[in-house]
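What follows is the content of data29.cif, which has mmCIF, C-alpha atoms and all ligand atoms:
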data_final
loop_
_atom_site.label_atom_id
_atom_site.label_comp_id
_atom_site.auth_asym_id
_atom_site.auth_seq_id
_atom_site.Cartn_x
_atom_site.Cartn_y
_atom_site.Cartn_z
CA MET Q 5 87.15 136.50 111.79
CA ILE Q 6 84.95 134.91 109.20
CA MET Q 7 81.56 133.95 110.61
CA SER Q 8 79.91 130.78 109.41
CA LYS Q 9 76.49 131.09 107.81
CA TRP Q 10 75.57 128.19 110.10
CA ASN Q 11 75.63 130.66 112.99
CA GLY Q 12 72.24 131.09 114.52
CA ILE Q 13 70.75 128.11 112.72
CA ARG Q 14 69.79 125.28 115.03
CA ARG Q 15 70.19 121.69 113.95
CA ARG Q 16 66.47 121.18 114.54
CA GLU Q 17 65.63 124.02 112.10
CA PHE Q 18 67.96 122.52 109.54
CA LEU Q 19 66.36 119.12 110.08
CA ALA Q 20 62.94 120.66 109.58
CA THR Q 21 64.15 121.86 106.18
CA THR Q 22 65.57 118.49 105.24
CA ALA Q 23 62.47 116.73 106.58
CA GLY Q 24 60.40 118.80 104.16
CA ALA Q 25 62.66 117.75 101.34
CA MET Q 26 62.46 114.11 102.37
CA ALA Q 27 58.67 114.31 102.50
CA SER Q 28 58.63 115.70 98.99
CA GLY Q 29 60.74 112.79 97.81
CA ILE Q 30 64.05 114.58 97.31
CA GLY Q 31 65.83 112.55 99.94
CA SER Q 32 64.60 109.06 99.32
CA ALA Q 33 63.20 107.05 96.51
CA CYS Q 34 62.92 103.84 98.55
CA ARG Q 35 59.63 102.16 99.26
CA ALA Q 36 59.12 100.71 102.75
CA ALA Q 37 59.38 96.94 103.10
CA THR Q 38 56.41 94.78 103.99
CA PRO Q 39 56.11 93.18 107.47
CA ALA Q 40 57.08 89.82 105.92
CA GLN Q 41 60.23 91.32 104.40
CA ILE Q 42 61.12 92.90 107.75
CA GLU Q 43 60.61 89.53 109.46
CA GLU Q 44 62.77 87.82 106.88
CA ALA Q 45 65.52 90.43 107.27
CA ALA Q 46 65.49 90.05 111.07
CA ALA Q 47 65.67 86.26 110.76
CA LYS Q 48 68.75 86.52 108.51
CA VAL Q 49 70.53 88.68 111.10
CA GLY Q 50 69.33 86.88 114.25
CA LYS Q 51 69.79 88.09 117.84
CA LEU Q 52 72.66 90.52 118.10
CA PRO Q 53 75.38 90.14 120.74
CA ARG Q 54 75.76 92.82 123.42
CA HIS Q 55 78.72 94.36 125.22
CA ARG Q 56 78.83 96.15 128.53
CA LEU Q 57 79.18 99.91 128.00
CA GLY Q 58 82.36 100.70 129.93
CA ASN Q 59 81.97 99.93 133.62
CA SER Q 60 78.30 100.85 133.59
CA ASP Q 61 75.51 98.42 134.41
CA ARG Q 62 74.21 98.69 130.82
CA GLU Q 63 74.66 96.26 127.97
CA VAL Q 64 74.24 97.56 124.42
CA THR Q 65 74.23 95.75 121.09
CA VAL Q 66 77.70 95.73 119.56
CA LEU Q 67 76.29 97.75 116.66
CA VAL Q 68 73.85 100.42 117.78
CA GLY Q 69 70.88 101.87 115.91
CA ALA Q 70 70.08 105.39 114.76
CA ALA Q 71 66.91 107.40 114.32
CA THR Q 72 68.20 108.33 110.85
CA TRP Q 73 67.60 104.77 109.59
CA SER Q 74 64.62 103.93 107.39
CA ALA Q 75 61.55 102.82 109.41
CA ASP Q 76 61.77 99.23 108.14
CA ALA Q 77 65.42 98.93 109.17
CA VAL Q 78 64.50 100.26 112.63
CA GLU Q 79 61.74 97.63 112.92
CA ALA Q 80 64.13 94.85 111.89
CA GLY Q 81 66.75 96.22 114.31
CA ILE Q 82 64.29 96.11 117.22
CA ARG Q 83 63.47 92.47 116.39
CA CYS Q 84 67.19 91.65 116.45
CA GLY Q 85 67.58 93.28 119.87
CA VAL Q 86 69.12 96.66 118.94
CA ASN Q 87 68.61 98.61 122.16
CA PHE Q 88 70.63 101.85 121.81
CA TRP Q 89 69.27 104.57 119.51
CA HIS Q 90 71.63 107.32 118.45
CA LYS Q 91 70.04 110.74 117.68
CA ALA Q 92 66.63 109.68 119.02
CA ASP Q 93 65.70 113.38 119.16
CA GLU Q 94 65.35 113.26 115.36
CA TRP Q 95 62.14 111.25 115.75
CA ASP Q 96 58.87 113.02 116.37
CA ARG Q 97 55.52 111.83 117.68
CA GLY Q 98 54.52 110.86 114.13
CA ASN Q 99 57.40 108.50 113.43
CA VAL Q 100 58.86 107.42 116.79
CA PRO Q 101 58.72 103.59 116.73
CA GLN Q 102 55.70 102.33 118.68
CA ALA Q 103 57.70 99.26 119.77
CA ILE Q 104 60.10 101.58 121.60
CA LEU Q 105 57.32 103.66 123.20
CA LYS Q 106 55.53 100.52 124.38
CA ASN Q 107 58.65 98.93 125.84
CA ARG Q 108 60.48 102.12 126.78
CA GLU Q 109 62.68 100.65 129.53
CA ALA Q 110 64.14 98.10 127.10
CA HIS Q 111 65.67 100.85 124.94
CA PHE Q 112 68.35 103.48 125.47
CA CYS Q 113 67.41 106.63 123.54
CA GLN Q 114 69.97 109.37 123.07
CA VAL Q 115 69.38 113.10 122.65
CA CYS Q 116 72.10 114.91 120.70
CA VAL Q 117 72.60 118.47 121.99
CA ASP Q 118 74.59 121.07 120.02
CA ARG Q 119 76.34 124.21 121.19
CA ALA Q 120 74.06 127.22 121.30
CA HIS Q 121 74.29 130.55 119.43
CA GLY Q 122 76.49 129.31 116.58
CA SER Q 123 78.07 126.27 114.98
CA HIS Q 124 80.09 123.50 116.62
CA GLU Q 125 83.09 125.80 116.12
CA THR Q 126 81.68 129.19 117.01
CA GLY Q 127 78.81 128.30 119.36
CA ARG Q 128 78.84 128.42 123.17
CA ILE Q 129 78.05 126.08 126.01
CA ASP Q 130 74.86 127.54 127.49
CA GLU Q 131 73.22 125.70 130.39
CA GLU Q 132 69.74 127.13 129.91
CA ALA Q 133 69.70 126.61 126.12
CA HIS Q 134 70.78 122.96 126.50
CA TYR Q 135 68.23 122.38 129.25
CA GLN Q 136 65.43 123.85 127.11
CA PHE Q 137 66.52 121.92 124.02
CA VAL Q 138 66.17 118.59 125.82
CA LYS Q 139 62.76 119.57 127.23
CA LYS Q 140 61.57 120.59 123.77
CA SER Q 141 62.90 117.34 122.27
CA LEU Q 142 60.97 115.32 124.85
CA VAL Q 143 57.73 117.05 123.87
CA GLN Q 144 58.53 116.53 120.20
CA THR Q 145 59.37 112.82 120.44
CA GLY Q 146 57.01 111.71 123.21
CA LEU Q 147 59.80 109.49 124.58
CA ARG Q 148 59.14 110.66 128.21
CA TYR Q 149 62.87 110.70 129.07
CA PHE Q 150 66.19 110.29 127.30
CA ASP Q 151 68.65 107.71 128.55
CA ASP Q 152 71.69 109.50 127.17
CA MET Q 153 72.30 113.22 126.89
CA GLN Q 154 75.10 113.70 124.37
CA PHE Q 155 77.21 116.83 123.94
CA HIS Q 156 77.33 116.83 120.13
CA PHE Q 157 80.78 117.55 118.59
CA GLY Q 158 82.25 117.83 122.09
CA PHE Q 159 84.75 120.20 123.68
CA HIS Q 160 87.29 122.38 121.88
CA ASN Q 161 90.14 121.62 124.27
CA ALA Q 162 90.97 120.08 127.66
CA ALA Q 163 90.72 123.44 129.45
CA GLU Q 164 87.11 123.79 128.33
CA VAL Q 165 86.32 120.38 129.86
CA LYS Q 166 87.48 121.75 133.21
CA ASN Q 167 86.20 125.31 133.07
CA GLU Q 168 82.93 125.27 131.12
CA ARG Q 169 80.48 123.34 133.28
CA GLY Q 170 77.21 124.57 131.76
CA PHE Q 171 76.51 121.35 129.86
CA VAL Q 172 77.09 119.23 132.95
CA ARG Q 173 74.84 121.54 135.01
CA ALA Q 174 72.05 121.29 132.42
CA PHE Q 175 72.38 117.48 132.60
CA GLU Q 176 72.24 117.50 136.42
CA ARG Q 177 69.07 119.62 136.44
CA LEU Q 178 67.39 117.35 133.90
CA LYS Q 179 68.53 114.24 135.76
CA LYS Q 180 66.97 115.51 138.99
CA GLU Q 181 63.69 115.87 137.11
CA GLY Q 182 63.98 112.27 135.82
CA LEU Q 183 64.29 113.45 132.21
CA VAL Q 184 67.81 112.14 131.41
CA ARG Q 185 69.94 109.39 132.93
CA HIS Q 186 73.49 109.29 131.54
CA LEU Q 187 75.93 111.90 130.28
CA CYS Q 188 77.99 111.30 127.13
CA LEU Q 189 79.59 113.19 124.27
CA SER Q 190 80.67 112.81 120.67
CA GLN Q 191 84.13 114.27 120.17
CA HIS Q 192 85.57 115.73 116.96
CA HIS Q 193 89.11 116.95 116.27
CA TYR Q 194 89.79 120.68 116.72
CA GLY Q 195 93.60 120.74 116.61
CA GLY Q 196 94.79 123.36 114.13
CA ASN Q 197 91.27 124.62 113.46
CA TRP Q 198 91.66 128.40 113.17
CA ARG Q 199 87.98 128.97 113.90
CA VAL Q 200 88.49 127.48 117.37
CA LYS Q 201 90.73 129.03 120.02
CA ASN Q 202 93.38 126.58 121.30
CA GLY Q 203 91.70 123.62 119.60
CA GLN Q 204 93.01 120.17 120.44
CA ASN Q 205 92.51 116.75 118.94
CA ALA Q 206 89.99 114.18 120.14
CA ALA Q 207 92.41 111.88 122.01
CA GLU Q 208 93.76 114.76 124.15
CA ILE Q 209 90.30 116.08 124.93
CA LEU Q 210 88.85 112.64 125.66
CA THR Q 211 91.68 111.92 128.06
CA ALA Q 212 90.64 115.03 130.01
CA VAL Q 213 86.97 114.00 129.82
CA MET Q 214 87.79 110.56 131.19
CA GLU Q 215 89.83 112.05 134.05
CA ASP Q 216 87.02 114.49 134.83
CA GLY Q 217 84.86 111.47 135.64
CA VAL Q 218 81.33 112.76 135.00
CA PHE Q 219 80.77 111.43 131.46
CA GLU Q 220 79.86 107.75 131.11
CA HIS Q 221 80.94 107.17 127.51
CA ALA Q 222 82.06 108.85 124.30
CA GLN Q 223 81.53 108.56 120.57
CA PHE Q 224 84.46 109.41 118.31
CA MET Q 225 85.67 108.90 114.74
CA TYR Q 226 87.26 105.51 114.33
CA SER Q 227 87.76 103.25 111.37
CA TYR Q 228 90.14 100.85 109.66
CA GLY Q 229 93.60 101.95 108.59
CA LYS Q 230 95.95 103.96 110.74
CA THR Q 231 94.01 104.67 113.91
CA GLU Q 232 96.68 106.11 116.24
CA PRO Q 233 96.40 108.00 118.57
CA MET Q 234 92.73 107.00 118.97
CA LYS Q 235 93.67 103.32 119.18
CA GLU Q 236 95.81 104.00 122.27
CA TRP Q 237 93.04 106.09 123.77
CA VAL Q 238 90.48 103.30 123.21
CA SER Q 239 92.83 100.86 124.99
CA GLN Q 240 93.18 103.28 127.87
CA ALA Q 241 89.38 103.76 128.04
CA HIS Q 242 88.90 99.99 127.96
CA ARG Q 243 91.27 99.52 130.90
CA LYS Q 244 89.60 102.29 132.90
CA GLY Q 245 86.03 101.22 132.16
CA PHE Q 246 85.05 104.31 130.18
CA GLY Q 247 82.47 103.48 127.49
CA THR Q 248 83.46 103.70 123.82
CA ILE Q 249 81.26 103.86 120.72
CA ALA Q 250 82.92 104.36 117.32
CA MET Q 251 81.25 106.63 114.75
CA LYS Q 252 82.05 107.71 111.15
CA THR Q 253 83.20 104.13 110.71
CA THR Q 254 82.39 103.47 107.06
CA ARG Q 255 85.32 105.53 105.69
CA GLY Q 256 84.37 105.28 102.04
CA ALA Q 257 82.55 101.90 102.14
CA GLY Q 258 79.52 103.39 100.35
CA ARG Q 259 81.50 104.65 97.36
CA MET Q 260 83.55 101.45 97.20
CA LYS Q 261 80.38 99.45 96.58
CA GLU Q 262 79.59 101.74 93.63
CA ASP Q 263 83.07 101.42 92.16
CA ARG Q 264 82.84 98.53 89.68
CA GLU Q 265 86.59 98.22 89.16
CA PHE Q 266 87.17 98.05 92.92
CA MET Q 267 84.41 95.51 93.46
CA LYS Q 268 85.72 93.29 90.63
CA GLN Q 269 88.82 92.64 92.75
CA PHE Q 270 86.90 92.40 96.03
CA PRO Q 271 87.06 89.03 97.86
CA ALA Q 272 84.08 86.75 97.24
CA GLY Q 273 81.69 85.98 100.09
CA THR Q 274 81.86 89.32 101.88
CA SER Q 275 81.10 93.02 101.27
CA PRO Q 276 82.60 96.30 102.50
CA HIS Q 277 79.89 96.84 105.15
CA HIS Q 278 79.91 93.21 106.27
CA ALA Q 279 83.68 93.02 106.67
CA LEU Q 280 83.59 96.36 108.49
CA ALA Q 281 80.98 95.06 110.95
CA ARG Q 282 83.06 91.99 111.74
CA TRP Q 283 86.22 94.05 112.14
CA LEU Q 284 84.68 96.69 114.41
CA THR Q 285 82.94 94.22 116.68
CA THR Q 286 85.61 91.55 117.07
CA ALA Q 287 89.04 92.97 116.17
CA THR Q 288 89.00 96.16 118.25
CA GLU Q 289 88.58 97.03 121.94
CA LEU Q 290 85.45 99.09 121.27
CA ASP Q 291 82.29 98.54 123.29
CA ALA Q 292 80.05 99.31 120.30
CA ALA Q 293 79.95 101.10 116.95
CA VAL Q 294 77.63 103.06 114.70
CA ILE Q 295 77.59 102.02 111.03
CA GLN Q 296 75.51 104.22 108.77
CA ILE Q 297 72.97 102.17 106.82
CA ASN Q 298 70.31 103.40 104.43
CA ASN Q 299 67.86 100.58 103.93
CA LEU Q 300 66.80 97.10 104.94
CA ASN Q 301 69.22 95.35 102.58
CA GLU Q 302 72.14 97.26 104.06
CA PHE Q 303 70.87 96.36 107.53
CA VAL Q 304 71.05 92.65 106.69
CA ASP Q 305 74.39 92.90 104.92
CA THR Q 306 75.96 94.89 107.77
CA PHE Q 307 74.36 93.53 110.93
CA SER Q 308 74.77 89.86 109.93
CA GLY Q 309 78.50 90.48 110.53
CA ALA Q 310 78.07 91.89 114.06
CA GLY Q 311 80.05 89.90 116.60
CA GLN Q 312 81.25 87.40 113.96
CA PRO Q 313 85.00 86.76 113.69
CA LEU Q 314 86.95 87.88 110.65
CA ARG Q 315 87.41 85.20 107.99
CA ALA Q 316 90.29 85.24 105.50
CA ALA Q 317 88.06 87.02 102.96
CA ASP Q 318 87.18 89.74 105.50
CA VAL Q 319 90.83 90.31 106.43
CA HIS Q 320 91.68 90.67 102.76
CA ALA Q 321 88.65 92.95 102.28
CA ILE Q 322 89.73 95.26 105.10
CA GLU Q 323 93.23 95.48 103.56
CA GLN Q 324 91.77 96.46 100.19
CA MET Q 325 89.37 98.94 101.79
CA THR Q 326 92.21 100.54 103.75
CA ALA Q 327 94.29 101.03 100.60
CA TYR Q 328 91.28 102.53 98.79
CA ALA Q 329 90.33 104.80 101.68
CA ASP Q 330 93.91 106.00 102.18
CA ARG Q 331 93.92 107.09 98.55
CA GLU Q 332 90.46 108.61 98.37
CA VAL Q 333 88.78 109.29 101.71
CA CYS Q 334 89.67 112.01 104.19
CA ARG Q 335 89.93 110.70 107.76
CA LEU Q 336 88.80 114.10 109.14
CA CYS Q 337 91.89 114.44 111.33
CA ASN Q 338 92.16 118.21 110.73
CA GLU Q 339 95.98 118.12 110.47
CA CYS Q 340 95.77 120.28 107.35
CA ALA Q 341 93.50 122.96 108.84
CA SER Q 342 96.04 125.45 110.14
CA HIS Q 343 98.13 125.30 106.95
CA CYS Q 344 95.56 126.78 104.59
CA GLU Q 345 95.93 130.55 104.59
CA HIS Q 346 92.74 130.81 102.61
CA GLY Q 347 90.68 129.45 105.51
CA ILE Q 348 89.12 126.62 103.56
CA PRO Q 349 87.32 124.23 105.92
CA ILE Q 350 88.88 121.17 104.27
CA ALA Q 351 87.70 118.57 106.79
CA ASP Q 352 84.13 119.95 106.86
CA ILE Q 353 83.94 119.89 103.05
CA LEU Q 354 85.28 116.34 102.90
CA ARG Q 355 82.93 115.28 105.73
CA TYR Q 356 79.96 116.49 103.68
CA GLU Q 357 81.41 114.70 100.67
CA ARG Q 358 81.25 111.51 102.76
CA TYR Q 359 77.57 112.15 103.56
CA ALA Q 360 76.87 112.41 99.83
CA GLN Q 361 79.14 109.66 98.52
CA ASP Q 362 78.96 107.09 101.28
CA TYR Q 363 75.73 107.66 103.19
CA GLY Q 364 73.44 108.42 100.24
CA GLU Q 365 72.55 111.73 101.94
CA ARG Q 366 73.14 114.04 99.00
CA PHE Q 367 70.47 116.58 99.92
CA ARG Q 368 71.68 116.94 103.51
CA ALA Q 369 75.29 117.18 102.31
CA ARG Q 370 74.45 119.93 99.81
CA ALA Q 371 72.41 121.86 102.35
CA LEU Q 372 75.30 121.79 104.85
CA TYR Q 373 77.82 122.67 102.15
CA ALA Q 374 75.72 125.66 101.11
CA LEU Q 375 76.11 127.06 104.63
CA LEU Q 376 79.92 127.16 104.51
CA ASP Q 377 81.56 130.56 104.29
CA ARG Q 378 84.30 129.12 102.02
CA GLN Q 379 83.66 126.30 99.63
CA GLY Q 380 85.89 123.96 97.64
CA ASP Q 381 86.11 126.32 94.66
CA ALA Q 382 88.02 128.83 96.84
CA CYS Q 383 91.05 126.49 96.79
CA ILE Q 384 93.79 127.99 94.62
CA ALA Q 385 95.77 124.71 94.57
CA CYS Q 386 98.80 126.37 96.20
CA GLY Q 387 99.72 123.03 97.80
CA ASP Q 388 100.61 124.48 101.24
CA CYS Q 389 98.40 121.93 103.00
CA LEU Q 390 99.73 118.88 101.17
CA PRO Q 391 102.81 118.04 103.29
CA HIS Q 392 100.63 118.01 106.43
CA CYS Q 393 98.12 115.39 105.34
CA PRO Q 394 99.09 112.03 106.89
CA GLN Q 395 97.34 110.29 104.01
CA GLN Q 396 98.99 112.43 101.35
CA LEU Q 397 95.58 113.04 99.86
CA ALA Q 398 95.50 115.18 96.72
CA ILE Q 399 93.55 117.84 98.63
CA PRO Q 400 93.01 120.34 95.77
CA ARG Q 401 91.69 117.52 93.55
CA LYS Q 402 89.47 116.25 96.37
CA LEU Q 403 88.08 119.75 97.00
CA ALA Q 404 87.35 120.27 93.30
CA GLN Q 405 85.59 116.90 93.15
CA ALA Q 406 83.60 117.68 96.30
CA HIS Q 407 82.56 121.03 94.86
CA ARG Q 408 81.28 119.31 91.72
CA VAL Q 409 79.18 116.93 93.84
CA LEU Q 410 78.01 119.40 96.48
CA GLY Q 411 78.16 122.83 94.93
CA SER Q 412 75.32 122.63 92.47
CA GLY Q 413 72.67 123.16 95.12
CA ILE Q 414 71.55 126.29 96.95
CA ARG Q 415 74.27 128.56 98.22
CA GLY Q 416 73.86 130.21 101.61
S1 LIG U 501 95.86 123.79 98.18
FE1 LIG U 501 93.85 124.69 98.56
S2 LIG U 501 93.23 123.86 100.53
FE2 LIG U 501 95.44 123.50 100.35
S3 LIG U 501 96.36 125.28 101.35
FE3 LIG U 501 96.18 125.78 99.17
S4 LIG U 501 94.22 126.85 99.01
FE4 LIG U 501 94.23 125.80 100.99
S1 LIG U 502 92.69 116.22 104.12
FE1 LIG U 502 94.26 114.95 105.10
S2 LIG U 502 95.02 116.24 106.80
FE2 LIG U 502 93.12 117.16 106.12
S3 LIG U 502 91.57 116.32 107.49
FE3 LIG U 502 91.64 115.00 105.64
S4 LIG U 502 93.04 113.33 106.10
FE4 LIG U 502 93.37 114.96 107.65
#
Will you turn the file into structure tokens for me?
Ligand code: SF4
Ligand code: SF4
Amino acid sequence: MIMSKWNGIRRREFLATTAGAMASGIGSACRAATPAQIEEAAAKVGKLPRHRLGNSDREVTVLVGAATWSADAVEAGIRCGVNFWHKADEWDRGNVPQAILKNREAHFCQVCVDRAHGSHETGRIDEEAHYQFVKKSLVQTGLRYFDDMQFHFGFHNAAEVKNERGFVRAFERLKKEGLVRHLCLSQHHYGGNWRVKNGQNAAEILTAVMEDGVFEHAQFMYSYGKTEPMKEWVSQAHRKGFGTIAMKTTRGAGRMKEDREFMKQFPAGTSPHHALARWLTTATELDAAVIQINNLNEFVDTFSGAGQPLRAADVHAIEQMTAYADREVCRLCNECASHCEHGIPIADILRYERYAQDYGERFRARALYALLDRQGDACIACGDCLPHCPQQLAIPRKLAQAHRVLGSGIRG
């Protein structure tokens, strides 16, 4: 079995590397906004609507925040009432927002906990390692407790939900100590992934998680276009009162904005991020969603659509975005994985391509790509995977493109 070079490297260590790069200016060329600009941005968005998270007693803004946002966007988000912070463990005592520390009970801060001793594919569930990670993250952030302890990437299959209880035990120990409050997970697809034994797809695994009854809510990949079987699962979760937060929602919106020909035909009076925000928060059964934003302008453009109904222009926009994404953007379903005899991690490569092309995170994308044991240039264009892609993506062309964007950095 091929071992990933990610093995043994913790997310925190990787983040330390990227943080160094960010500090040296590799990751961002943006200057922070002034307090007046933040105020103006918050006024344009206004108070955000909230939804109940499943059957819990918590209400969260229909679009949640993330510690990966720029500091000015976080400030504006707080003023607009954003109260759930994804990946809060990525803050440290130097940059954790003072407004959250001062009014800690008004915010739900999430710690994202990875498998130990390997990657999301090869790593293990290890009670003690997860317990220690959360304790270390509390010291690092100064947040005193985390509201949500999230199992990052989730389970490999339904049997693991039942048989591997180490994550749940780590949560229960931390909860007794008053250091965490709610248990949740983000769930990726593992069906057909040859690096994972008996991998299943997210909907099957999440059904088992929901039946298990100890997790309060889940994050999962969800966007416009063909959403089955996740759409059915979201309906089921909605009926049963299990909390749902969509992630990886932009599905190419970042690159669409950069595509002049595409934008020439785009309906007037809306934008890809704005239409997406309206669609996610009013035309689905989701409780909430994460939309990746990179700066204050994107915050205003995106969050001003939260909870607002779709207008004719937005409906038309979503149709155009779906057609574009179906042509160009991998939905990370993993259907192709088991059909590549050369072991190319197609979905991982195309996920990193999204980070670079849509999230403006080129450095992070290249660093992750450099850790892969097989990269896009190992594709021999045999075409064996092609009939299995529900989008009929030109996978060899996509891999070659991704390698051009991602492969010029360091190689692990
Ligand atoms: S075309 Fe490339 S990715 Fe697809 S099966 Fe062949 S080698 Fe693998
Ligand atoms: S390339 Fe196609 S089959 Fe493979 S993960 Fe992407 S959308 Fe799914």
Rows by chain and residue number, chain Q within 12 Å of ligand LIG 502 (chain U), shortest pair, only C-alpha atoms and all ligand atoms, as a tab-separated table:
residue	atom	partner	partner_atom	distance
Q:His192	CA	U:LIG502	S3	11.2
Q:His193	CA	U:LIG502	S3	9.1
Q:Tyr194	CA	U:LIG502	S3	10.4
Q:Gly195	CA	U:LIG502	S3	10.3
Q:Gly196	CA	U:LIG502	S3	10.2
Q:Asn197	CA	U:LIG502	S3	10.2
Q:Asn205	CA	U:LIG502	FE4	11.5
Q:Met225	CA	U:LIG502	S3	11.9
Q:Gly229	CA	U:LIG502	S4	11.7
Q:Lys230	CA	U:LIG502	S4	10.9
Q:Thr231	CA	U:LIG502	S4	11.7
Q:Arg255	CA	U:LIG502	S4	11.0
Q:Ala329	CA	U:LIG502	S4	10.0
Q:Asp330	CA	U:LIG502	S4	8.4
Q:Arg331	CA	U:LIG502	S4	9.8
Q:Glu332	CA	U:LIG502	S4	9.4
Q:Val333	CA	U:LIG502	S4	7.3
Q:Cys334	CA	U:LIG502	FE3	3.9
Q:Arg335	CA	U:LIG502	S4	4.4
Q:Leu336	CA	U:LIG502	S3	3.9
Q:Cys337	CA	U:LIG502	FE4	4.0
Q:Asn338	CA	U:LIG502	S3	3.8
Q:Glu339	CA	U:LIG502	S2	4.2
Q:Cys340	CA	U:LIG502	S2	4.1
Q:Ala341	CA	U:LIG502	FE2	6.4
Q:Ser342	CA	U:LIG502	FE2	9.7
Q:His343	CA	U:LIG502	S2	9.6
Q:Cys344	CA	U:LIG502	FE2	10.0
Q:Ile348	CA	U:LIG502	FE2	10.6
Q:Pro349	CA	U:LIG502	S3	9.1
Q:Ile350	CA	U:LIG502	FE2	6.1
Q:Ala351	CA	U:LIG502	S3	4.5
Q:Asp352	CA	U:LIG502	S3	8.3
Q:Ile353	CA	U:LIG502	FE3	9.5
Q:Leu354	CA	U:LIG502	FE3	7.1
Q:Arg355	CA	U:LIG502	FE3	8.7
Q:Tyr356	CA	U:LIG502	FE3	11.9
Q:Glu357	CA	U:LIG502	FE3	11.4
Q:Arg358	CA	U:LIG502	FE3	11.3
Q:Gly387	CA	U:LIG502	S1	11.7
Q:Asp388	CA	U:LIG502	S2	11.4
Q:Cys389	CA	U:LIG502	S2	7.6
Q:Leu390	CA	U:LIG502	FE1	7.8
Q:Pro391	CA	U:LIG502	S2	8.7
Q:His392	CA	U:LIG502	S2	5.9
Q:Cys393	CA	U:LIG502	S2	3.5
Q:Pro394	CA	U:LIG502	S2	5.9
Q:Gln395	CA	U:LIG502	S4	5.7
Q:Gln396	CA	U:LIG502	FE1	6.5
Q:Leu397	CA	U:LIG502	FE1	5.7
Q:Ala398	CA	U:LIG502	S1	8.0
Q:Ile399	CA	U:LIG502	S1	5.8
Q:Pro400	CA	U:LIG502	S1	9.3
Q:Arg401	CA	U:LIG502	S1	10.7
Q:Lys402	CA	U:LIG502	S1	8.4
Q:Leu403	CA	U:LIG502	S1	9.2
Legend entry - Polymer residues at most 12 Å from Met267 in chain Q, only C-alpha atoms, same-chain spacing of 2 or more positions, as a list in words: Ala257, Gly258, Arg259, Met260, Lys261, Glu262, Asp263, Arg264, Glu265, Gln269, Phe270, Pro271, Ala272, Gly273, Thr274, Ser275, Pro276, Ala321, Gln324, Met325 and Tyr328 of chain Q
| query | So which one's closest to ligand LIG 501 (chain U), Q:Asp377, Q:Glu323, Q:Glu365, Q:Glu345? Using all atoms listed in the file, please. | reply |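 Smallest separation from ligand LIG 501 (chain U) among the options: Q:Glu345.
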Gln102 in chain Q environment, 12 Å, all atoms listed in the file, sequence neighbours closer than 3 positions dropped, as a PDB file with C-alpha atoms, keeping the file's coordinate frame:
ATOM      1  CA  ALA Q  75      61.550 102.820 109.410  1.00  0.00           C
ATOM      2  CA  VAL Q  78      64.500 100.260 112.630  1.00  0.00           C
ATOM      3  CA  GLU Q  79      61.740  97.630 112.920  1.00  0.00           C
ATOM      4  CA  ILE Q  82      64.290  96.110 117.220  1.00  0.00           C
ATOM      5  CA  TRP Q  95      62.140 111.250 115.750  1.00  0.00           C
ATOM      6  CA  ASP Q  96      58.870 113.020 116.370  1.00  0.00           C
ATOM      7  CA  ARG Q  97      55.520 111.830 117.680  1.00  0.00           C
ATOM      8  CA  GLY Q  98      54.520 110.860 114.130  1.00  0.00           C
ATOM      9  CA  ASN Q  99      57.400 108.500 113.430  1.00  0.00           C
ATOM     10  CA  LEU Q 105      57.320 103.660 123.200  1.00  0.00           C
ATOM     11  CA  LYS Q 106      55.530 100.520 124.380  1.00  0.00           C
ATOM     12  CA  ASN Q 107      58.650  98.930 125.840  1.00  0.00           C
ATOM     13  CA  ARG Q 108      60.480 102.120 126.780  1.00  0.00           C
ATOM     14  CA  HIS Q 111      65.670 100.850 124.940  1.00  0.00           C
ATOM     15  CA  THR Q 145      59.370 112.820 120.440  1.00  0.00           C
ATOM     16  CA  GLY Q 146      57.010 111.710 123.210  1.00  0.00           C
ATOM     17  CA  LEU Q 147      59.800 109.490 124.580  1.00  0.00           C
TER      18      LEU Q 147
END
Min atom-atom distance to Val143 in chain Q from the set Q:Ile104, Q:Leu183, Q:Ala212, Q:Ile322, counting all atoms listed in the file, belongs to Q:Leu183
So, with only C-alpha atoms and all ligand atoms as the atoms that count, which of Q:Cys386, Q:Cys188, Q:Ile42, Q:Leu280 lies closest to ligand LIG 501 (chain U)?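 Ranked by minimum distance to ligand LIG 501 (chain U), first place goes to Q:Cys386.
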TODO: Write out as a PyMOL selection string the residues lying within 8 Å of Arg368 in chain Q, counting all atoms listed in the file and excluding same-chain residues fewer than 3 positions away.
DONE: chain Q and resi 22+359-360+365+371-372
Correct to one decimal, the distance CA of Leu67 in chain Q-CA of Leu300 in chain Q is 15.1 Å
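The smallest atom-to-atom distance between Arg62 in chain Q and any of Q:Gly50, Q:Pro101, Q:Gly247, Q:Pro39, using all atoms listed in the file, is found for Q:Gly247.
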May I have the protein, DNA and RNA residues with any atom at most 10 Å from the point (72.4, 95.7, 109.8), counting only C-alpha atoms, written as a ChimeraX atom specification?
-> /Q:45-46,48-49,52,67-69,77-78,80-81,84,86,277-278,281,295-310
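Reported to one decimal place, the separation of CA of Cys113 in chain Q from CA of Gly217 in chain Q is 21.8 Å.
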As a check of understanding: the span from CA of Val115 in chain Q to CA of Thr254 in chain Q is 22.5 Å
Counting only C-alpha atoms and all ligand atoms, the residue among Q:Thr288, Q:Gln379, Q:Ser227, Q:Gln240 that lies closest to ligand LIG 501 (chain U) is Q:Gln379
Among Q:Lys139, Q:His320, Q:Arg185, Q:Arg378, ligand LIG 501 (chain U) is approached most closely, using all atoms listed in the file, by Q:Arg378
